[in-house]
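Below is data_0.cif, holding mmCIF, C-alpha atoms.
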```cif
data_final
#
loop_
_atom_site.label_atom_id
_atom_site.label_comp_id
_atom_site.auth_asym_id
_atom_site.auth_seq_id
_atom_site.Cartn_x
_atom_site.Cartn_y
_atom_site.Cartn_z
CA MET A 424 -57.64 12.12 66.91
CA ASP A 425 -55.57 15.04 68.20
CA VAL A 426 -52.19 13.67 69.30
CA ARG A 427 -51.23 16.77 71.31
CA LYS A 428 -54.06 16.18 73.80
CA GLU A 429 -52.74 12.70 74.62
CA ASP A 430 -49.30 13.98 75.64
CA GLU A 431 -50.44 15.57 78.91
CA SER A 432 -52.63 14.14 81.62
CA GLY A 433 -54.78 16.13 83.98
CA LEU A 434 -57.73 18.46 83.79
CA THR A 435 -59.21 19.33 80.41
CA CYS A 436 -61.25 22.46 79.69
CA THR A 437 -64.81 21.41 79.02
CA VAL A 438 -65.09 23.91 76.13
CA CYS A 439 -61.80 23.74 74.18
CA GLN A 440 -60.61 20.33 75.45
CA ASP A 441 -57.09 21.77 75.97
CA ARG A 442 -54.98 21.18 79.04
CA ARG A 443 -52.65 23.59 80.83
CA ARG A 444 -49.62 22.97 78.65
CA TYR A 445 -51.31 24.32 75.51
CA GLN A 446 -52.83 27.40 77.13
CA PRO A 447 -50.46 28.18 80.01
CA SER A 448 -51.51 31.83 80.27
CA GLU A 449 -55.23 31.00 80.61
CA MET A 450 -56.71 30.74 84.12
CA LEU A 451 -58.25 27.30 84.65
CA GLY A 452 -61.01 26.81 87.20
CA MET A 453 -63.31 24.06 88.37
CA TYR A 454 -67.08 24.37 88.30
CA ALA A 455 -68.28 23.94 91.88
CA PHE A 456 -71.40 24.29 93.99
CA LEU A 457 -71.30 26.31 97.22
CA LYS A 458 -73.84 25.79 99.95
CA ARG A 459 -74.17 27.43 103.34
CA VAL A 460 -74.34 25.01 106.24
CA THR A 461 -75.32 26.00 109.77
CA VAL A 462 -73.59 23.93 112.43
CA HIS A 463 -74.63 24.03 116.08
CA TYR A 464 -71.83 24.66 118.58
CA SER A 465 -72.35 21.21 120.12
CA LYS A 466 -71.73 19.64 116.70
CA GLY A 467 -68.44 21.41 116.03
CA GLY A 468 -69.67 24.88 115.11
CA SER A 469 -67.52 26.74 117.62
CA ARG A 470 -64.27 28.41 116.63
CA SER A 471 -62.38 26.09 118.99
CA SER A 472 -63.64 23.13 116.93
CA ILE A 473 -62.46 24.47 113.60
CA ASP A 474 -60.20 21.41 113.23
CA GLY A 475 -63.36 19.40 112.61
CA ALA A 476 -63.09 17.06 115.62
CA LEU A 477 -66.72 17.35 116.65
CA MET A 478 -67.91 17.24 113.07
CA ILE A 479 -66.10 13.96 112.55
CA LEU A 480 -67.43 12.63 115.85
CA SER A 481 -70.99 13.60 114.89
CA LEU A 482 -70.81 11.64 111.62
CA GLN A 483 -72.43 8.25 111.31
CA PRO A 484 -70.06 5.47 112.39
CA ARG A 485 -70.39 3.86 108.94
CA LEU A 486 -71.18 4.99 105.42
CA PRO A 487 -74.31 3.59 103.71
CA ASP A 488 -74.06 -0.03 102.57
CA SER A 489 -73.63 1.03 98.93
CA LEU A 490 -70.40 2.91 99.80
CA GLN A 491 -68.86 0.50 102.30
CA GLY A 492 -65.60 -0.99 101.09
CA SER A 493 -65.22 1.74 98.45
CA GLU A 494 -61.98 3.68 98.06
CA PRO A 495 -63.30 6.82 99.84
CA ASP A 496 -64.60 4.65 102.70
CA ASP A 497 -61.31 2.75 103.10
CA GLU A 498 -58.90 5.65 102.56
CA TRP A 499 -60.75 8.61 104.13
CA TYR A 500 -63.93 7.92 106.04
CA GLN A 501 -63.02 4.99 108.28
CA PRO A 502 -59.51 6.26 109.13
CA SER A 503 -61.05 9.65 110.10
CA ILE A 504 -63.69 8.00 112.28
CA ASP A 505 -61.07 5.72 113.88
CA LEU A 506 -58.75 8.65 114.60
CA ALA A 507 -61.55 10.79 116.04
CA THR A 508 -62.79 8.05 118.35
CA THR A 509 -59.34 7.15 119.72
CA PRO A 510 -59.22 8.64 123.25
CA LYS A 511 -55.53 9.53 123.07
CA THR A 512 -55.82 11.78 120.01
CA THR A 513 -55.88 15.54 120.01
CA PHE A 514 -59.20 15.21 118.19
CA HIS A 515 -60.75 13.68 121.28
CA ARG A 516 -59.23 16.26 123.60
CA ALA A 517 -60.38 19.09 121.33
CA SER A 518 -63.89 17.66 121.18
CA THR A 519 -64.03 17.38 124.97
CA MET A 520 -63.00 21.02 125.34
CA ALA A 521 -65.46 22.10 122.65
CA THR A 522 -68.28 20.18 124.33
CA ALA A 523 -67.52 21.92 127.62
CA ALA A 524 -67.43 25.29 125.85
CA SER A 525 -70.69 24.61 124.05
CA SER A 526 -72.53 23.99 127.32
CA VAL A 527 -71.56 27.50 128.38
CA ILE A 528 -72.41 29.10 125.04
CA GLY A 529 -75.87 27.57 124.79
CA SER A 530 -77.73 27.21 121.52
CA ARG A 531 -75.56 29.34 119.24
CA SER A 532 -74.68 28.18 115.74
CA CYS A 533 -72.04 29.08 113.20
CA ASN A 534 -72.27 29.25 109.40
CA PHE A 535 -69.83 27.45 107.14
CA ILE A 536 -69.55 26.93 103.40
CA THR A 537 -69.39 23.46 101.88
CA THR A 538 -68.07 23.03 98.34
CA VAL A 539 -68.63 20.13 95.97
CA THR A 540 -67.60 19.67 92.34
CA ALA A 541 -68.29 17.22 89.54
CA GLY A 542 -64.68 17.63 88.40
CA ASN A 543 -65.33 19.65 85.23
CA ALA A 544 -62.75 22.35 84.51
CA ILE A 545 -63.09 25.41 82.30
CA HIS A 546 -60.87 28.29 81.27
CA CYS A 547 -62.26 31.39 83.02
CA SER A 548 -62.16 33.38 79.78
CA TYR A 549 -64.38 30.78 78.07
CA HIS A 550 -66.84 30.92 80.95
CA ALA A 551 -67.01 34.72 80.63
CA ARG A 552 -67.69 34.48 76.86
CA ALA A 553 -70.27 31.73 77.34
CA ARG A 554 -72.00 33.76 80.07
CA SER A 555 -72.38 36.69 77.67
CA THR A 556 -73.60 34.43 74.86
CA ASP A 557 -76.12 32.69 77.14
CA ARG A 558 -77.51 35.98 78.42
CA ASN A 559 -77.88 37.49 74.93
CA HIS A 560 -79.28 34.40 73.18
CA ALA A 561 -82.21 35.56 71.02
CA LYS A 562 -84.52 32.56 71.53
CA ALA A 563 -83.55 31.09 74.89
CA PRO A 564 -81.59 33.43 77.17
CA LYS A 565 -80.11 31.75 80.24
CA SER A 566 -78.68 32.95 83.53
CA GLU A 567 -74.94 32.56 84.12
CA TRP A 568 -75.24 29.39 86.18
CA GLU A 569 -78.05 27.87 84.13
CA GLY A 570 -75.72 27.84 81.12
CA ALA A 571 -72.76 26.79 83.25
CA SER A 572 -74.76 23.81 84.51
CA LEU A 573 -75.12 22.60 80.92
CA ARG A 574 -71.35 22.86 80.38
CA ASN A 575 -70.87 21.12 83.76
CA SER A 576 -72.55 17.91 82.55
CA ARG A 577 -75.92 19.22 83.84
CA VAL A 578 -74.62 19.33 87.41
CA SER A 579 -75.61 22.36 89.51
CA CYS A 580 -72.86 24.94 90.00
CA ASN A 581 -72.72 28.49 91.31
CA VAL A 582 -69.01 29.35 91.41
CA ILE A 583 -65.70 28.70 89.68
CA LEU A 584 -62.98 27.49 92.03
CA PRO A 585 -59.68 28.91 90.65
CA LEU A 586 -56.90 26.36 90.24
CA MET A 587 -53.25 27.33 90.58
CA SER A 588 -50.16 25.20 90.20
CA LYS A 589 -46.60 25.41 88.96
CA GLY A 590 -47.98 24.29 85.60
CA ASN A 591 -49.89 27.53 85.07
CA SER A 592 -47.48 30.01 86.57
CA ARG A 593 -47.71 32.09 83.35
CA VAL A 594 -51.26 33.18 84.17
CA PRO A 595 -51.25 36.97 84.66
CA VAL A 596 -51.42 37.94 88.34
CA MET A 597 -54.39 40.22 87.59
CA GLU A 598 -56.37 37.30 86.13
CA LEU A 599 -55.61 35.12 89.15
CA GLY A 600 -56.60 37.98 91.46
CA ASN A 601 -59.92 38.47 89.63
CA ALA A 602 -60.70 34.73 89.81
CA LEU A 603 -60.01 34.69 93.57
CA VAL A 604 -62.08 37.84 94.13
CA ASN A 605 -65.02 36.33 92.20
CA HIS A 606 -64.82 33.17 94.29
CA GLN A 607 -64.59 35.08 97.57
CA GLN A 608 -67.49 37.34 96.55
CA ALA A 609 -69.66 34.26 95.99
CA VAL A 610 -68.72 32.97 99.46
CA THR A 611 -69.41 36.38 101.04
CA ASN A 612 -72.82 36.57 99.33
CA MET A 613 -73.65 33.07 100.53
CA LEU A 614 -72.67 33.79 104.15
CA GLY A 615 -74.26 37.23 104.17
CA SER A 616 -71.17 38.86 105.68
CA LYS A 617 -67.56 39.48 104.74
CA ARG A 618 -65.06 37.08 106.27
CA LYS A 619 -61.82 38.18 107.90
CA SER A 620 -59.77 35.61 105.99
CA MET A 621 -59.81 34.05 102.54
CA LEU A 622 -59.20 30.63 104.12
#
```
Write the structure described by the file as structure tokens, please.
Amino acid sequence: MDVRKEDESGLTCTVCQDRRRYQPSEMLGMYAFLKRVTVHYSKGGSRSSIDGALMILSLQPRLPDSLQGSEPDDEWYQPSIDLATTPKTTFHRASTMATAASSVIGSRSCNFITTVTAGNAIHCSYHARARSTDRNHAKAPKSEWEGASLRNSRVSCNVILPLMSKGNSRVPVMELGNALVNHQQAVTNMLGSKRKSML
């Protein structure tokens, strides 16, 4: 057993099993799956609803039975629903204004990106090497994300979400910039148009 890997908690690279402390100059990212979601204006798709008020209000009042009483239900879902349905909150006022605006706008929709992850991290340099190896494999060549899915515990992925913290402040700025550009390019390709902001 490698004692050095027990000293630090946190994300571990799925390839080398090292954490940030032992490779502080390597960019660490999280395998993630991006999906485009079209939201109707009446369901929170308008720019005035960007705070998510109508989206929260359009959710089911309860999670499925299998998730009720779970930590996400108790700590996130129910408090969000309770806050959104309280008449005195800004959520409610924002949703009322957005509903009025949506009646004027009609049947327009807006596109958003949703991101999910299985929680598997990888050093970006290892992903780049693995991508090249997968593509050039003599017997069974794979696409970039086909191979990445295998490293991501067979969970679908189509982007690497770059992770920054004080713990990896020694990552070269150029490497961080490239990781952010790659992520934003994936989002732009998914939406079909370039966004005005990285947020």
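CA of Cys580 (chain A) is positioned 7.8 Å from CA of Thr540 (chain A).
When all atoms listed in the file are used to measure the gap to Gly615 (chain A), the shortest distance among A:Ala563, A:Ile536, A:Leu573, A:Leu486 belongs to A:Ile536.
Remark: for Leu506 (chain A), the closest of the candidate residues A:Gly570, A:Ser579, A:Pro484, A:Cys533 is A:Pro484 (distances computed over only C-alpha atoms).
Put simply, the PyMOL selection byres ((chain A and resi 571) around 8) on this file hits Tyr454, His550, Arg554, Glu567, Trp568, Glu569, Gly570, Ser572, Leu573, Arg574, Asn575 and Cys580 of chain A.
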Create the file for the chosen residues now, containing C-alpha atoms and written as an mmCIF file, keeping the file's coordinate frame.
```cif
data_model
loop_
_atom_site.group_PDB
_atom_site.id
_atom_site.type_symbol
_atom_site.label_atom_id
_atom_site.label_comp_id
_atom_site.auth_asym_id
_atom_site.auth_seq_id
_atom_site.Cartn_x
_atom_site.Cartn_y
_atom_site.Cartn_z
ATOM 1 C CA TYR A 454 -67.080 24.370 88.300
ATOM 2 C CA HIS A 550 -66.840 30.920 80.950
ATOM 3 C CA ARG A 554 -72.000 33.760 80.070
ATOM 4 C CA GLU A 567 -74.940 32.560 84.120
ATOM 5 C CA TRP A 568 -75.240 29.390 86.180
ATOM 6 C CA GLU A 569 -78.050 27.870 84.130
ATOM 7 C CA GLY A 570 -75.720 27.840 81.120
ATOM 8 C CA SER A 572 -74.760 23.810 84.510
ATOM 9 C CA LEU A 573 -75.120 22.600 80.920
ATOM 10 C CA ARG A 574 -71.350 22.860 80.380
ATOM 11 C CA ASN A 575 -70.870 21.120 83.760
ATOM 12 C CA CYS A 580 -72.860 24.940 90.000
#
```
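Rounded to one decimal, CA of Val594 (chain A) and CA of Ala609 (chain A) lie 21.9 Å from each other.
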**Request:** Provide the CA of Pro595 (chain A) to CA of Gln440 (chain A) distance in Å, to one decimal place.
**Result:** 21.2 Å
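Using all atoms listed in the file, the nearest neighbour of Cys436 (chain A) within the list A:Val610, A:Met587, A:Val462, A:Ala544 is A:Ala544.
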**Request:** Report as a PyMOL selection string the full result of the PyMOL selection byres ((chain A and resi 583) around 12) when it is applied to this structure.
**Result:** chain A and resi 450-457+538-551+567-568+571-572+575+579-582+584-586+599+601-610
Would you write out those residues with C-alpha atoms, as a PDB file, in the frame of the given file?
```pdb
ATOM      1  CA  MET A 450     -56.710  30.740  84.120  1.00  0.00           C
ATOM      2  CA  LEU A 451     -58.250  27.300  84.650  1.00  0.00           C
ATOM      3  CA  GLY A 452     -61.010  26.810  87.200  1.00  0.00           C
ATOM      4  CA  MET A 453     -63.310  24.060  88.370  1.00  0.00           C
ATOM      5  CA  TYR A 454     -67.080  24.370  88.300  1.00  0.00           C
ATOM      6  CA  ALA A 455     -68.280  23.940  91.880  1.00  0.00           C
ATOM      7  CA  PHE A 456     -71.400  24.290  93.990  1.00  0.00           C
ATOM      8  CA  LEU A 457     -71.300  26.310  97.220  1.00  0.00           C
ATOM      9  CA  THR A 538     -68.070  23.030  98.340  1.00  0.00           C
ATOM     10  CA  VAL A 539     -68.630  20.130  95.970  1.00  0.00           C
ATOM     11  CA  THR A 540     -67.600  19.670  92.340  1.00  0.00           C
ATOM     12  CA  ALA A 541     -68.290  17.220  89.540  1.00  0.00           C
ATOM     13  CA  GLY A 542     -64.680  17.630  88.400  1.00  0.00           C
ATOM     14  CA  ASN A 543     -65.330  19.650  85.230  1.00  0.00           C
ATOM     15  CA  ALA A 544     -62.750  22.350  84.510  1.00  0.00           C
ATOM     16  CA  ILE A 545     -63.090  25.410  82.300  1.00  0.00           C
ATOM     17  CA  HIS A 546     -60.870  28.290  81.270  1.00  0.00           C
ATOM     18  CA  CYS A 547     -62.260  31.390  83.020  1.00  0.00           C
ATOM     19  CA  SER A 548     -62.160  33.380  79.780  1.00  0.00           C
ATOM     20  CA  TYR A 549     -64.380  30.780  78.070  1.00  0.00           C
ATOM     21  CA  HIS A 550     -66.840  30.920  80.950  1.00  0.00           C
ATOM     22  CA  ALA A 551     -67.010  34.720  80.630  1.00  0.00           C
ATOM     23  CA  GLU A 567     -74.940  32.560  84.120  1.00  0.00           C
ATOM     24  CA  TRP A 568     -75.240  29.390  86.180  1.00  0.00           C
ATOM     25  CA  ALA A 571     -72.760  26.790  83.250  1.00  0.00           C
ATOM     26  CA  SER A 572     -74.760  23.810  84.510  1.00  0.00           C
ATOM     27  CA  ASN A 575     -70.870  21.120  83.760  1.00  0.00           C
ATOM     28  CA  SER A 579     -75.610  22.360  89.510  1.00  0.00           C
ATOM     29  CA  CYS A 580     -72.860  24.940  90.000  1.00  0.00           C
ATOM     30  CA  ASN A 581     -72.720  28.490  91.310  1.00  0.00           C
ATOM     31  CA  VAL A 582     -69.010  29.350  91.410  1.00  0.00           C
ATOM     32  CA  LEU A 584     -62.980  27.490  92.030  1.00  0.00           C
ATOM     33  CA  PRO A 585     -59.680  28.910  90.650  1.00  0.00           C
ATOM     34  CA  LEU A 586     -56.900  26.360  90.240  1.00  0.00           C
ATOM     35  CA  LEU A 599     -55.610  35.120  89.150  1.00  0.00           C
ATOM     36  CA  ASN A 601     -59.920  38.470  89.630  1.00  0.00           C
ATOM     37  CA  ALA A 602     -60.700  34.730  89.810  1.00  0.00           C
ATOM     38  CA  LEU A 603     -60.010  34.690  93.570  1.00  0.00           C
ATOM     39  CA  VAL A 604     -62.080  37.840  94.130  1.00  0.00           C
ATOM     40  CA  ASN A 605     -65.020  36.330  92.200  1.00  0.00           C
ATOM     41  CA  HIS A 606     -64.820  33.170  94.290  1.00  0.00           C
ATOM     42  CA  GLN A 607     -64.590  35.080  97.570  1.00  0.00           C
ATOM     43  CA  GLN A 608     -67.490  37.340  96.550  1.00  0.00           C
ATOM     44  CA  ALA A 609     -69.660  34.260  95.990  1.00  0.00           C
ATOM     45  CA  VAL A 610     -68.720  32.970  99.460  1.00  0.00           C
TER      46      VAL A 610
END
```
